[in-house]
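Trainee: start_24.cif is reproduced below (mmCIF, C-alpha atoms).
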```cif
data_my_file
loop_
_atom_site.label_atom_id
_atom_site.label_comp_id
_atom_site.auth_asym_id
_atom_site.auth_seq_id
_atom_site.Cartn_x
_atom_site.Cartn_y
_atom_site.Cartn_z
CA MET A 2 -64.22 146.03 129.20
CA ASN A 3 -62.45 147.21 126.06
CA LYS A 4 -65.13 147.92 123.46
CA GLN A 5 -62.53 147.95 120.65
CA LYS A 6 -61.63 144.54 119.24
CA ASP A 7 -59.44 143.50 116.33
CA ILE A 8 -61.92 140.87 115.19
CA ILE A 9 -65.52 140.36 116.25
CA ILE A 10 -67.42 137.17 115.45
CA ILE A 11 -71.19 137.31 115.65
CA GLY A 12 -72.65 133.90 116.53
CA GLY A 13 -71.50 131.49 119.22
CA GLY A 14 -72.26 128.28 117.38
CA ALA A 15 -70.04 125.69 115.70
CA ALA A 16 -68.72 127.97 112.93
CA GLY A 17 -68.25 130.97 115.24
CA PHE A 18 -66.22 129.10 117.84
CA PHE A 19 -64.17 127.25 115.22
CA ALA A 20 -63.24 130.51 113.49
CA ALA A 21 -62.44 132.33 116.75
CA ILE A 22 -60.18 129.55 118.05
CA ASN A 23 -58.28 129.27 114.77
CA ILE A 24 -57.75 133.04 114.56
CA ALA A 25 -56.64 133.41 118.19
CA GLU A 26 -54.35 130.39 118.00
CA ARG A 27 -52.53 131.71 114.93
CA HIS A 28 -52.43 135.33 116.14
CA PRO A 29 -52.30 135.62 119.94
CA GLU A 30 -51.58 139.36 119.59
CA LEU A 31 -55.09 140.01 118.20
CA SER A 32 -58.12 140.64 120.42
CA VAL A 33 -60.91 138.29 119.33
CA ALA A 34 -64.49 138.30 120.67
CA ILE A 35 -67.55 136.16 120.04
CA PHE A 36 -71.00 137.72 120.48
CA GLU A 37 -73.67 135.16 121.36
CA ARG A 38 -77.26 136.34 121.83
CA GLY A 39 -78.18 133.44 124.16
CA LYS A 40 -77.03 132.74 127.69
CA GLU A 41 -74.95 129.86 126.33
CA GLY A 42 -73.63 128.95 122.89
CA LEU A 43 -73.11 125.81 120.81
CA GLN A 44 -76.76 124.76 121.08
CA LYS A 45 -76.87 122.95 117.72
CA VAL A 46 -73.67 121.12 118.65
CA LYS A 47 -75.36 120.02 121.87
CA ILE A 48 -78.43 118.45 120.27
CA SER A 49 -76.91 117.21 117.00
CA GLY A 50 -76.97 113.47 116.40
CA GLY A 51 -79.28 112.86 119.35
CA GLY A 52 -76.85 114.53 121.77
CA ARG A 53 -73.81 112.70 120.38
CA CYS A 54 -72.77 115.40 117.86
CA ASN A 55 -72.41 114.18 114.30
CA VAL A 56 -69.11 116.04 113.72
CA THR A 57 -68.57 115.13 110.06
CA HIS A 58 -68.95 112.34 107.50
CA ALA A 59 -66.34 109.81 106.37
CA GLU A 60 -66.21 111.00 102.77
CA PHE A 61 -62.66 111.91 101.78
CA ILE A 62 -63.01 112.85 98.10
CA PRO A 63 -64.02 116.51 97.56
CA SER A 64 -65.97 115.80 94.35
CA GLU A 65 -68.00 113.13 96.19
CA LEU A 66 -68.44 115.22 99.34
CA VAL A 67 -69.95 118.20 97.48
CA GLN A 68 -72.77 116.01 96.13
CA ASN A 69 -74.39 116.15 99.57
CA TYR A 70 -75.03 119.90 99.29
CA PRO A 71 -78.23 120.85 97.40
CA ARG A 72 -77.08 124.46 97.61
CA GLY A 73 -73.31 125.06 97.53
CA GLU A 74 -72.22 121.98 95.57
CA LYS A 75 -70.22 123.93 92.98
CA GLU A 76 -68.96 126.61 95.38
CA LEU A 77 -67.61 124.22 98.04
CA LEU A 78 -65.43 122.14 95.72
CA GLY A 79 -62.46 124.53 95.99
CA PRO A 80 -62.77 125.06 99.77
CA PHE A 81 -62.96 121.29 100.35
CA HIS A 82 -59.60 120.91 98.60
CA SER A 83 -58.20 123.25 101.28
CA PHE A 84 -59.92 121.88 104.38
CA MET A 85 -62.23 118.89 104.60
CA THR A 86 -62.99 115.70 106.49
CA GLY A 87 -59.42 114.49 107.10
CA ASP A 88 -58.41 117.95 108.31
CA THR A 89 -61.41 118.06 110.66
CA ILE A 90 -60.46 114.69 112.16
CA ALA A 91 -56.83 115.81 112.60
CA TRP A 92 -57.89 119.15 114.15
CA PHE A 93 -59.95 117.46 116.84
CA GLU A 94 -57.40 114.70 117.47
CA GLU A 95 -54.64 117.28 118.00
CA ARG A 96 -56.83 118.69 120.75
CA GLY A 97 -57.51 115.36 122.42
CA VAL A 98 -60.86 114.50 120.80
CA GLU A 99 -60.89 111.21 118.94
CA LEU A 100 -63.62 110.54 116.39
CA LYS A 101 -65.09 107.22 115.22
CA ILE A 102 -66.85 106.19 112.02
CA GLU A 103 -70.23 104.45 112.17
CA ASP A 104 -71.52 101.98 109.54
CA ASP A 105 -73.44 104.69 107.66
CA GLY A 106 -70.35 106.94 107.45
CA ARG A 107 -71.38 109.41 110.16
CA MET A 108 -68.59 110.40 112.54
CA PHE A 109 -68.98 111.01 116.26
CA PRO A 110 -66.66 111.58 119.21
CA VAL A 111 -65.59 108.24 120.71
CA SER A 112 -67.20 109.44 123.97
CA ASN A 113 -70.63 109.44 122.21
CA SER A 114 -71.31 112.80 123.83
CA SER A 115 -71.62 116.24 122.27
CA GLN A 116 -70.32 117.65 125.56
CA THR A 117 -66.84 116.44 124.50
CA ILE A 118 -66.95 118.80 121.50
CA ILE A 119 -68.41 121.67 123.57
CA ASP A 120 -65.72 121.24 126.27
CA CYS A 121 -63.02 121.18 123.59
CA PHE A 122 -64.26 124.48 122.13
CA LEU A 123 -64.71 126.20 125.50
CA ASN A 124 -61.26 125.09 126.70
CA GLU A 125 -59.56 126.18 123.47
CA ALA A 126 -61.36 129.54 123.51
CA GLU A 127 -60.24 130.15 127.08
CA LYS A 128 -56.70 128.96 126.41
CA HIS A 129 -56.31 131.40 123.51
CA ASN A 130 -57.98 134.34 125.27
CA VAL A 131 -61.09 134.55 123.11
CA ASP A 132 -63.67 136.81 124.77
CA VAL A 133 -66.97 134.92 124.68
CA LEU A 134 -69.72 137.44 125.39
CA TYR A 135 -73.09 135.85 126.09
CA ASN A 136 -76.42 137.73 126.11
CA HIS A 137 -74.99 140.07 123.47
CA SER A 138 -77.75 140.43 120.91
CA VAL A 139 -76.77 142.51 117.86
CA LYS A 140 -79.14 145.38 117.12
CA THR A 141 -77.42 147.32 114.34
CA LEU A 142 -74.38 146.98 112.09
CA LYS A 143 -72.52 149.86 110.46
CA ALA A 144 -69.74 149.38 107.92
CA LEU A 145 -67.50 152.47 107.93
CA GLU A 146 -64.37 152.91 105.82
CA ASN A 147 -61.94 151.17 108.16
CA GLU A 148 -64.10 149.67 110.86
CA PHE A 149 -67.43 148.20 111.85
CA ILE A 150 -69.65 149.63 114.59
CA ILE A 151 -71.75 146.93 116.23
CA GLU A 152 -74.55 148.03 118.53
CA THR A 153 -75.49 145.24 120.96
CA SER A 154 -77.90 144.84 123.85
CA GLN A 155 -74.85 145.43 126.09
CA GLY A 156 -73.42 148.52 124.39
CA ASP A 157 -71.50 149.47 121.25
CA PHE A 158 -68.31 147.81 119.98
CA GLN A 159 -65.85 148.54 117.18
CA SER A 160 -63.72 146.15 115.16
CA LYS A 161 -61.60 146.29 112.02
CA LYS A 162 -62.78 142.88 110.82
CA LEU A 163 -66.13 141.18 111.26
CA LEU A 164 -67.14 137.54 110.77
CA ILE A 165 -70.81 136.54 110.73
CA ALA A 166 -71.60 132.97 111.81
CA THR A 167 -75.20 133.28 112.93
CA GLY A 168 -76.70 130.43 110.91
CA SER A 169 -80.33 130.90 109.91
CA ASN A 170 -81.03 134.12 111.78
CA PRO A 171 -83.61 136.36 110.05
CA LYS A 172 -82.68 139.44 112.12
CA VAL A 173 -79.02 139.23 111.09
CA TRP A 174 -79.98 138.56 107.47
CA LYS A 175 -82.05 141.77 107.59
CA LEU A 176 -79.02 143.71 108.93
CA LEU A 177 -76.86 142.29 106.13
CA GLU A 178 -79.52 143.17 103.58
CA ASP A 179 -79.46 146.75 104.87
CA LEU A 180 -75.69 146.76 104.25
CA GLY A 181 -76.27 145.81 100.61
CA HIS A 182 -76.30 142.01 100.52
CA THR A 183 -78.92 139.94 98.70
CA ILE A 184 -80.69 137.39 100.91
CA ILE A 185 -82.24 134.31 99.32
CA ASN A 186 -85.51 133.79 101.18
CA PRO A 187 -85.16 130.93 103.67
CA VAL A 188 -87.29 127.80 103.36
CA PRO A 189 -87.07 124.65 105.50
CA SER A 190 -84.77 121.87 104.36
CA LEU A 191 -84.39 118.39 105.94
CA PHE A 192 -87.94 117.56 106.94
CA THR A 193 -90.15 114.49 107.05
CA PHE A 194 -93.38 114.06 105.08
CA ASP A 195 -96.85 114.05 106.66
CA ILE A 196 -98.97 111.36 104.97
CA LYS A 197 -102.37 110.02 105.99
CA ASP A 198 -102.86 106.72 104.18
CA ASN A 199 -104.43 103.40 105.20
CA ARG A 200 -101.48 101.48 103.77
CA ILE A 201 -99.12 102.91 106.39
CA LYS A 202 -101.53 103.92 109.17
CA ASP A 203 -100.93 100.85 111.36
CA ILE A 204 -97.29 100.08 110.60
CA PRO A 205 -95.13 102.85 112.19
CA GLY A 206 -91.54 101.74 112.71
CA VAL A 207 -91.40 99.65 109.53
CA VAL A 208 -88.29 100.23 107.40
CA ALA A 209 -88.06 99.46 103.68
CA LYS A 210 -84.34 99.10 103.07
CA ASN A 211 -83.96 100.54 99.60
CA VAL A 212 -86.73 102.35 97.79
CA GLU A 213 -86.86 104.77 94.86
CA ILE A 214 -89.04 107.86 95.31
CA LYS A 215 -90.17 110.49 92.81
CA VAL A 216 -92.16 113.66 93.40
CA VAL A 217 -94.93 113.43 90.80
CA GLY A 218 -94.78 116.16 88.17
CA THR A 219 -91.16 117.15 88.94
CA ASP A 220 -87.62 115.90 88.29
CA LEU A 221 -87.06 115.31 92.01
CA GLU A 222 -86.11 111.78 92.93
CA SER A 223 -84.04 109.92 95.52
CA HIS A 224 -83.37 106.44 96.81
CA GLY A 225 -82.36 104.83 100.09
CA PRO A 226 -84.01 103.54 103.27
CA LEU A 227 -87.56 104.62 104.08
CA LEU A 228 -89.10 104.69 107.56
CA VAL A 229 -92.85 104.68 108.21
CA THR A 230 -93.62 107.00 111.16
CA HIS A 231 -96.74 107.83 113.18
CA VAL A 232 -97.36 110.85 110.95
CA GLY A 233 -95.99 109.73 107.59
CA MET A 234 -92.53 108.90 106.24
CA SER A 235 -88.91 109.69 107.12
CA ALA A 236 -85.33 108.30 106.82
CA PRO A 237 -82.65 109.13 104.20
CA ALA A 238 -84.79 108.59 101.07
CA ILE A 239 -87.27 111.22 102.28
CA LEU A 240 -84.73 113.59 103.86
CA LYS A 241 -82.65 113.72 100.67
CA LEU A 242 -85.78 114.56 98.72
CA SER A 243 -86.70 117.30 101.22
CA ALA A 244 -83.21 118.85 101.04
CA PHE A 245 -82.79 118.80 97.27
CA GLY A 246 -86.44 119.80 96.77
CA ALA A 247 -86.55 122.42 99.55
CA VAL A 248 -87.38 125.37 97.29
CA GLU A 249 -89.70 123.50 94.92
CA LEU A 250 -91.66 121.76 97.70
CA ALA A 251 -92.10 125.07 99.55
CA LYS A 252 -93.66 126.53 96.38
CA MET A 253 -96.11 123.60 96.41
CA ASN A 254 -97.00 124.48 100.00
CA TYR A 255 -95.96 120.94 101.00
CA ASN A 256 -98.93 119.46 99.16
CA PHE A 257 -97.83 117.01 96.49
CA LYS A 258 -97.83 113.36 95.47
CA ILE A 259 -94.90 110.95 95.67
CA GLU A 260 -94.49 107.71 93.73
CA ILE A 261 -92.57 104.92 95.45
CA ASN A 262 -90.91 101.89 93.95
CA PHE A 263 -90.45 99.53 96.91
CA ILE A 264 -88.54 96.80 95.08
CA GLN A 265 -86.31 98.44 92.44
CA LEU A 266 -87.88 96.51 89.58
CA ASP A 267 -89.92 98.14 86.81
CA PHE A 268 -93.64 97.35 86.51
CA GLU A 269 -93.26 94.77 83.69
CA SER A 270 -90.45 92.84 85.40
CA CYS A 271 -92.40 92.82 88.64
CA LEU A 272 -95.53 91.55 86.90
CA ASP A 273 -93.52 88.71 85.30
CA GLN A 274 -92.15 87.82 88.72
CA LEU A 275 -95.64 87.80 90.26
CA LYS A 276 -96.86 85.47 87.49
CA ASN A 277 -93.98 83.14 88.33
CA PHE A 278 -95.00 83.22 92.01
CA LYS A 279 -98.58 82.33 90.95
CA GLN A 280 -97.22 79.12 89.37
CA GLU A 281 -94.55 78.36 91.95
CA PHE A 282 -96.52 79.07 95.15
CA ALA A 283 -100.02 78.27 93.84
CA LYS A 284 -101.34 76.85 97.12
CA LYS A 285 -99.68 79.36 99.47
CA THR A 286 -101.50 82.38 100.91
CA VAL A 287 -100.28 85.62 99.30
CA VAL A 288 -100.29 87.66 102.55
CA LYS A 289 -98.10 85.12 104.35
CA LEU A 290 -95.48 84.68 101.64
CA THR A 291 -93.42 87.87 101.80
CA GLN A 292 -91.10 88.41 98.81
CA PHE A 293 -88.58 90.98 97.50
CA ASP A 294 -86.99 91.33 100.95
CA LEU A 295 -89.85 93.59 102.08
CA PRO A 296 -90.93 93.89 105.74
CA LYS A 297 -93.85 91.55 106.45
CA ARG A 298 -96.19 94.26 107.69
CA LEU A 299 -95.57 96.45 104.63
CA TRP A 300 -96.03 93.47 102.29
CA LYS A 301 -99.38 92.71 103.91
CA GLN A 302 -100.65 96.29 103.51
CA LEU A 303 -99.63 96.39 99.82
CA VAL A 304 -101.36 93.04 99.25
CA LEU A 305 -104.60 94.30 100.83
CA ALA A 306 -104.39 97.57 98.88
CA SER A 307 -104.36 95.50 95.67
CA ASP A 308 -107.85 94.11 96.38
CA ILE A 309 -106.39 90.77 97.48
CA SER A 310 -108.01 89.36 100.63
CA GLU A 311 -106.07 87.89 103.56
CA THR A 312 -107.16 84.33 102.70
CA MET A 313 -106.41 84.37 98.98
CA ARG A 314 -103.83 81.95 97.57
CA TRP A 315 -101.51 82.79 94.70
CA ALA A 316 -103.52 80.49 92.41
CA ASP A 317 -106.68 82.56 93.04
CA LEU A 318 -105.24 85.82 91.70
CA ASN A 319 -106.70 87.16 88.48
CA LYS A 320 -105.00 89.43 85.92
CA GLN A 321 -106.36 92.67 87.49
CA GLN A 322 -105.14 91.72 90.97
CA LEU A 323 -101.67 90.81 89.71
CA GLU A 324 -101.45 94.15 87.88
CA ALA A 325 -102.78 96.07 90.88
CA PHE A 326 -100.19 94.39 93.11
CA ALA A 327 -97.34 95.10 90.64
CA ASN A 328 -98.52 98.73 90.71
CA GLN A 329 -98.40 98.89 94.52
CA LEU A 330 -94.91 97.40 94.59
CA THR A 331 -93.35 99.52 91.85
CA ARG A 332 -95.31 102.78 91.59
CA ALA A 333 -97.41 103.29 94.69
CA VAL A 334 -98.67 106.87 94.92
CA PHE A 335 -99.01 108.66 98.28
CA GLN A 336 -100.41 112.13 98.96
CA VAL A 337 -98.16 114.35 101.11
CA THR A 338 -100.13 116.94 103.09
CA GLY A 339 -97.41 118.70 105.07
CA LYS A 340 -93.99 118.47 106.72
CA SER A 341 -92.52 117.91 110.17
CA THR A 342 -89.10 118.91 111.50
CA PHE A 343 -86.60 116.04 111.44
CA LYS A 344 -85.74 115.33 115.10
CA GLU A 345 -84.26 118.52 116.60
CA GLU A 346 -82.25 119.36 113.52
CA PHE A 347 -83.74 122.40 111.88
CA VAL A 348 -81.91 123.31 108.69
CA THR A 349 -82.91 125.98 106.22
CA ALA A 350 -82.13 126.62 102.58
CA GLY A 351 -81.57 130.33 102.10
CA GLY A 352 -79.24 133.08 103.20
CA ILE A 353 -76.61 135.27 101.58
CA ASP A 354 -76.57 134.89 97.82
CA LEU A 355 -73.62 132.66 96.89
CA LYS A 356 -72.65 135.05 94.08
CA GLU A 357 -71.78 137.67 96.72
CA VAL A 358 -69.20 135.54 98.56
CA ASN A 359 -65.58 134.94 97.55
CA PHE A 360 -65.17 131.21 98.21
CA LYS A 361 -61.37 131.41 98.24
CA THR A 362 -61.55 133.52 101.42
CA PHE A 363 -65.24 133.53 102.51
CA GLU A 364 -65.08 137.33 102.39
CA SER A 365 -68.02 139.41 101.23
CA LYS A 366 -67.68 140.66 97.66
CA ARG A 367 -69.79 143.66 98.66
CA ILE A 368 -68.17 144.82 101.91
CA PRO A 369 -64.40 144.60 102.53
CA ASN A 370 -63.29 142.94 105.80
CA LEU A 371 -66.68 141.25 106.29
CA TYR A 372 -66.51 137.44 106.36
CA PHE A 373 -69.00 134.60 106.63
CA ALA A 374 -68.97 131.04 107.97
CA GLY A 375 -71.58 128.29 108.16
CA GLU A 376 -75.25 128.41 107.27
CA VAL A 377 -75.58 132.22 107.18
CA ILE A 378 -74.78 131.86 103.47
CA ASN A 379 -77.11 129.96 101.14
CA VAL A 380 -75.45 126.56 101.70
CA ASP A 381 -77.15 123.54 103.25
CA ALA A 382 -76.68 119.80 103.22
CA VAL A 383 -78.41 116.48 103.67
CA THR A 384 -78.28 114.89 107.11
CA GLY A 385 -75.17 112.99 108.22
CA GLY A 386 -72.56 115.50 109.43
CA PHE A 387 -72.34 117.50 106.21
CA ASN A 388 -73.74 120.77 107.60
CA PHE A 389 -71.05 120.71 110.30
CA GLN A 390 -68.34 120.02 107.71
CA ASN A 391 -69.44 123.15 105.86
CA ALA A 392 -69.17 125.05 109.17
CA TRP A 393 -65.62 123.79 109.86
CA THR A 394 -64.40 124.39 106.30
CA SER A 395 -65.84 127.89 105.89
CA ALA A 396 -64.76 128.95 109.40
CA TYR A 397 -61.24 127.61 108.90
CA ILE A 398 -60.72 129.31 105.53
CA ALA A 399 -62.27 132.56 106.79
CA SER A 400 -60.05 132.49 109.88
CA ALA A 401 -56.94 132.06 107.70
CA SER A 402 -58.01 134.79 105.26
CA ILE A 403 -59.23 137.36 107.80
CA ILE A 404 -55.73 137.80 109.25
CA LEU A 405 -53.72 137.71 106.05
CA GLN A 406 -54.77 141.20 105.04
#
```
What is this file in structure tokens?

Mentor:
Amino acid sequence: MNKQKDIIIIGGGAAGFFAAINIAERHPELSVAIFERGKEGLQKVKISGGGRCNVTHAEFIPSELVQNYPRGEKELLGPFHSFMTGDTIAWFEERGVELKIEDDGRMFPVSNSSQTIIDCFLNEAEKHNVDVLYNHSVKTLKALENEFIIETSQGDFQSKKLLIATGSNPKVWKLLEDLGHTIINPVPSLFTFDIKDNRIKDIPGVVAKNVEIKVVGTDLESHGPLLVTHVGMSAPAILKLSAFGAVELAKMNYNFKIEINFIQLDFESCLDQLKNFKQEFAKKTVVKLTQFDLPKRLWKQLVLASDISETMRWADLNKQQLEAFANQLTRAVFQVTGKSTFKEEFVTAGGIDLKEVNFKTFESKRIPNLYFAGEVINVDAVTGGFNFQNAWTSAYIASASIILQ
């Protein structure tokens, strides 16, 4: 095997394959190789979206799209004007993969199978003579004047250009640090909250459709659906908070309080409403008369937490109970004691300092002819296909830039 390549890509995931295919397609005369440390690649593609692969998100305005990136919002605005959601859809359709939009905006292959995306990448890589080298773990990287020397578990290779698409890989970050890059320490992003609390202990599976959540003592807040789980809370309202608060919550060692408004009314307005209910439904039992479009089981737990018994009627409620109930509905406080990974999707905040990347080309500002794509840089997103869109955009722009020089 020829150990000299024109372009070597380290990382056989979404960004690595996307970059390799785009380079090889544009420039068939170049020798392009992907190094993948595992015995197969595209593992995140395989498990994403519960095995359906959440390819991107149906957001077609760059300034709106960037708001889903806690880290990278400012930097990705320019790149998204060059390649974003519509371009992703067209790229896959041109290669026989049709995508569909779900109600929440997430986009999947019509086949509902991530294997469709994997097959597309493997076929395209083969068609354009990309060397995909599995079980090639990178041990050292040397940047010489006109070439890179890459020592792998299967021998040494040379290339004139190098693209790193290894995602959150501490070993590769260490190699890049040794070459002179600054690495922002990785912390988990996109996680669910562990909460032990009697109010939610017996109601896993309950969804409150639209809540407002704040992390007490910080500026962090979010809104959206909330899911009660066996270990605490999840769903978009929590995941957004975990992504945008990744660094701050790590500093708190995942021990903090959250305040939840379940009904999107302030305390005073809620109290007025409860007083109206006391008049209007005087003879009805409070527990049985669910209001504010809340799930019945959640309503019941908030009633009981307000020192209102199961048999009490609205007419029986005193001032303290009404206030306690308004408190539970609009500013219920829960203690978070830890975090859990969200499904199989493990995303980290951290990586190559954004100041050291040229976002017009995705080339390193420190080392000429070294390029990056995907999560290896300090960019991450909320759940919903946004992390993949960053992979496609960065890989596409890097693949166009890497061969222009």

Trainee: Using only C-alpha atoms, find all polymer residues with an atom at most 6 Å away from the point (-91.4, 112.4, 110.7); report them as number ranges by chain.

Mentor: A: 193, 230, 234-235, 341

Trainee: Which residues are near Asn262 in chain A? Cut-off 8 Å, only C-alpha atoms, ignore same chain within fewer than 2 positions. Put them as an MDAnalysis selection string.

Mentor: chainID A and resid 212:214 260 264:266 330:333

Trainee: Taking all atoms listed in the file into account, produce a table as a Markdown table in which each residue of range 165-274 of chain A with an atom at most 8 Å from an atom of range 287-310 of chain A appears once, together with its shortest atom pair and the distance in Å to one decimal, ordered by chain and rising number.

Mentor:
```
| residue | atom | partner | partner_atom | distance |
| --- | --- | --- | --- | --- |
| A:Arg200 | CA | A:Gln302 | CA | 5.3 |
| A:Ile201 | CA | A:Gln302 | CA | 7.4 |
| A:Ile204 | CA | A:Arg298 | CA | 6.6 |
| A:Val207 | CA | A:Pro296 | CA | 6.9 |
| A:Val208 | CA | A:Pro296 | CA | 7.1 |
| A:Ala209 | CA | A:Leu295 | CA | 6.3 |
| A:Lys210 | CA | A:Leu295 | CA | 7.9 |
| A:Phe263 | CA | A:Leu295 | CA | 7.9 |
| A:Ile264 | CA | A:Phe293 | CA | 6.3 |
```

Trainee: Apply the PyMOL selection byres ((chain A and resi 131) around 9) to the file shown and report the selected residues as JSON, numbers by chain.

Mentor: {"A": [21, 22, 25, 32, 33, 34, 35, 125, 126, 127, 128, 129, 130, 132, 133]}

Trainee: Find the spatial neighbours of Asn391 in chain A, counting all atoms listed in the file, within a cut-off of 10 Å - ignore same-chain residues fewer than 5 positions away - and output them as a PyMOL selection string.

Mentor: chain A and resi 16+57+67+70+73+77+80-81+84-86+374-376+380-382+386+396-397

Trainee: Which one of A:Asn256, A:Gln280, A:Asn186, A:Asn55 sits closest to Ser115 in chain A if you count only C-alpha atoms?

Mentor: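 Among the listed residues, the smallest separation from Ser115 in chain A belongs to A:Asn55.
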
Trainee: Written as an mmCIF file with C-alpha atoms, in the coordinates of the input, what is the full residue list that the PyMOL selection byres ((chain A and resi 364-371) around 9) yields on the file shown?

Mentor:
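Generated output (out-v2.cif):
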```cif
data_model
loop_
_atom_site.group_PDB
_atom_site.id
_atom_site.type_symbol
_atom_site.label_atom_id
_atom_site.label_comp_id
_atom_site.auth_asym_id
_atom_site.auth_seq_id
_atom_site.Cartn_x
_atom_site.Cartn_y
_atom_site.Cartn_z
ATOM 1 C CA ALA A 144 -69.740 149.380 107.920
ATOM 2 C CA GLU A 146 -64.370 152.910 105.820
ATOM 3 C CA ASN A 147 -61.940 151.170 108.160
ATOM 4 C CA GLU A 148 -64.100 149.670 110.860
ATOM 5 C CA PHE A 149 -67.430 148.200 111.850
ATOM 6 C CA LYS A 161 -61.600 146.290 112.020
ATOM 7 C CA LYS A 162 -62.780 142.880 110.820
ATOM 8 C CA LEU A 163 -66.130 141.180 111.260
ATOM 9 C CA LEU A 164 -67.140 137.540 110.770
ATOM 10 C CA ILE A 165 -70.810 136.540 110.730
ATOM 11 C CA LEU A 180 -75.690 146.760 104.250
ATOM 12 C CA GLY A 181 -76.270 145.810 100.610
ATOM 13 C CA HIS A 182 -76.300 142.010 100.520
ATOM 14 C CA LYS A 356 -72.650 135.050 94.080
ATOM 15 C CA GLU A 357 -71.780 137.670 96.720
ATOM 16 C CA VAL A 358 -69.200 135.540 98.560
ATOM 17 C CA ASN A 359 -65.580 134.940 97.550
ATOM 18 C CA PHE A 360 -65.170 131.210 98.210
ATOM 19 C CA LYS A 361 -61.370 131.410 98.240
ATOM 20 C CA THR A 362 -61.550 133.520 101.420
ATOM 21 C CA PHE A 363 -65.240 133.530 102.510
ATOM 22 C CA TYR A 372 -66.510 137.440 106.360
ATOM 23 C CA PHE A 373 -69.000 134.600 106.630
ATOM 24 C CA ALA A 399 -62.270 132.560 106.790
ATOM 25 C CA SER A 402 -58.010 134.790 105.260
ATOM 26 C CA ILE A 403 -59.230 137.360 107.800
ATOM 27 C CA GLN A 406 -54.770 141.200 105.040
#
```

Trainee: When distances are computed from only C-alpha atoms, which of A:Ile8, A:Ile150, A:Leu100, A:Val334 shows the smallest separation from Lys215 in chain A?

Mentor: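 Distance minimum relative to Lys215 in chain A lands on A:Val334.
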
Trainee: From the set A:Leu177, A:Ala166, A:Val383, A:Ile185, which residue has the shortest atom-to-atom contact distance to Lys143 in chain A, counting only C-alpha atoms?

Mentor: A:Leu177

Trainee: May I ask for the distance between CA of Pro187 in chain A and CA of Ser243 in chain A, given in Å to one decimal place?

Mentor: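 For CA of Pro187 in chain A relative to CA of Ser243 in chain A, the distance reads 13.9 Å.
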
Trainee: What would the selection look like, as a list in words, if the PyMOL selection byres ((chain A and resi 56) around 10) were run on the coordinates I just shared?

Mentor: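 So the PyMOL selection byres ((chain A and resi 56) around 10) ends up selecting Ala15, Val46, Ser49, Gly50, Arg53, Cys54, Asn55, Thr57, His58, Thr86, Thr89, Ile90, Phe93, Leu100, Lys101, Arg107, Met108, Phe109, Pro110, Ser115, Ile118, Gly385, Gly386, Phe387, Asn388, Phe389, Gln390 and Trp393 of chain A.
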
Trainee: Using the partial input, fill out range 192-203 of chain A with N, CA and C atoms; write the result as a PDB file, in the frame of the given file.

Mentor:
```pdb
ATOM      1  N   PHE A 192     -86.715 117.792 106.166  1.00  0.00           N
ATOM      2  CA  PHE A 192     -87.940 117.560 106.940  1.00  0.00           C
ATOM      3  C   PHE A 192     -88.567 116.236 106.518  1.00  0.00           C
ATOM      4  N   THR A 193     -89.461 115.743 107.352  1.00  0.00           N
ATOM      5  CA  THR A 193     -90.150 114.490 107.050  1.00  0.00           C
ATOM      6  C   THR A 193     -91.511 114.814 106.425  1.00  0.00           C
ATOM      7  N   PHE A 194     -92.125 113.828 105.786  1.00  0.00           N
ATOM      8  CA  PHE A 194     -93.380 114.060 105.080  1.00  0.00           C
ATOM      9  C   PHE A 194     -94.573 113.591 105.921  1.00  0.00           C
ATOM     10  N   ASP A 195     -95.596 114.436 106.005  1.00  0.00           N
ATOM     11  CA  ASP A 195     -96.850 114.050 106.660  1.00  0.00           C
ATOM     12  C   ASP A 195     -97.739 113.371 105.612  1.00  0.00           C
ATOM     13  N   ILE A 196     -98.151 112.133 105.916  1.00  0.00           N
ATOM     14  CA  ILE A 196     -98.970 111.360 104.970  1.00  0.00           C
ATOM     15  C   ILE A 196    -100.040 110.596 105.761  1.00  0.00           C
ATOM     16  N   LYS A 197    -101.296 110.826 105.388  1.00  0.00           N
ATOM     17  CA  LYS A 197    -102.370 110.020 105.990  1.00  0.00           C
ATOM     18  C   LYS A 197    -102.791 109.008 104.928  1.00  0.00           C
ATOM     19  N   ASP A 198    -102.563 107.734 105.188  1.00  0.00           N
ATOM     20  CA  ASP A 198    -102.860 106.720 104.180  1.00  0.00           C
ATOM     21  C   ASP A 198    -103.063 105.382 104.883  1.00  0.00           C
ATOM     22  N   ASN A 199    -104.129 104.683 104.527  1.00  0.00           N
ATOM     23  CA  ASN A 199    -104.430 103.400 105.200  1.00  0.00           C
ATOM     24  C   ASN A 199    -103.314 102.379 105.062  1.00  0.00           C
ATOM     25  N   ARG A 200    -102.550 102.464 103.975  1.00  0.00           N
ATOM     26  CA  ARG A 200    -101.480 101.480 103.770  1.00  0.00           C
ATOM     27  C   ARG A 200    -100.382 101.579 104.827  1.00  0.00           C
ATOM     28  N   ILE A 201    -100.218 102.767 105.400  1.00  0.00           N
ATOM     29  CA  ILE A 201     -99.120 102.910 106.390  1.00  0.00           C
ATOM     30  C   ILE A 201     -99.620 103.274 107.785  1.00  0.00           C
ATOM     31  N   LYS A 202    -100.948 103.442 107.905  1.00  0.00           N
ATOM     32  CA  LYS A 202    -101.530 103.920 109.170  1.00  0.00           C
ATOM     33  C   LYS A 202    -101.128 103.058 110.372  1.00  0.00           C
ATOM     34  N   ASP A 203    -101.138 101.743 110.206  1.00  0.00           N
ATOM     35  CA  ASP A 203    -100.930 100.850 111.360  1.00  0.00           C
ATOM     36  C   ASP A 203     -99.550 100.207 111.392  1.00  0.00           C
TER      37      ASP A 203
END
```
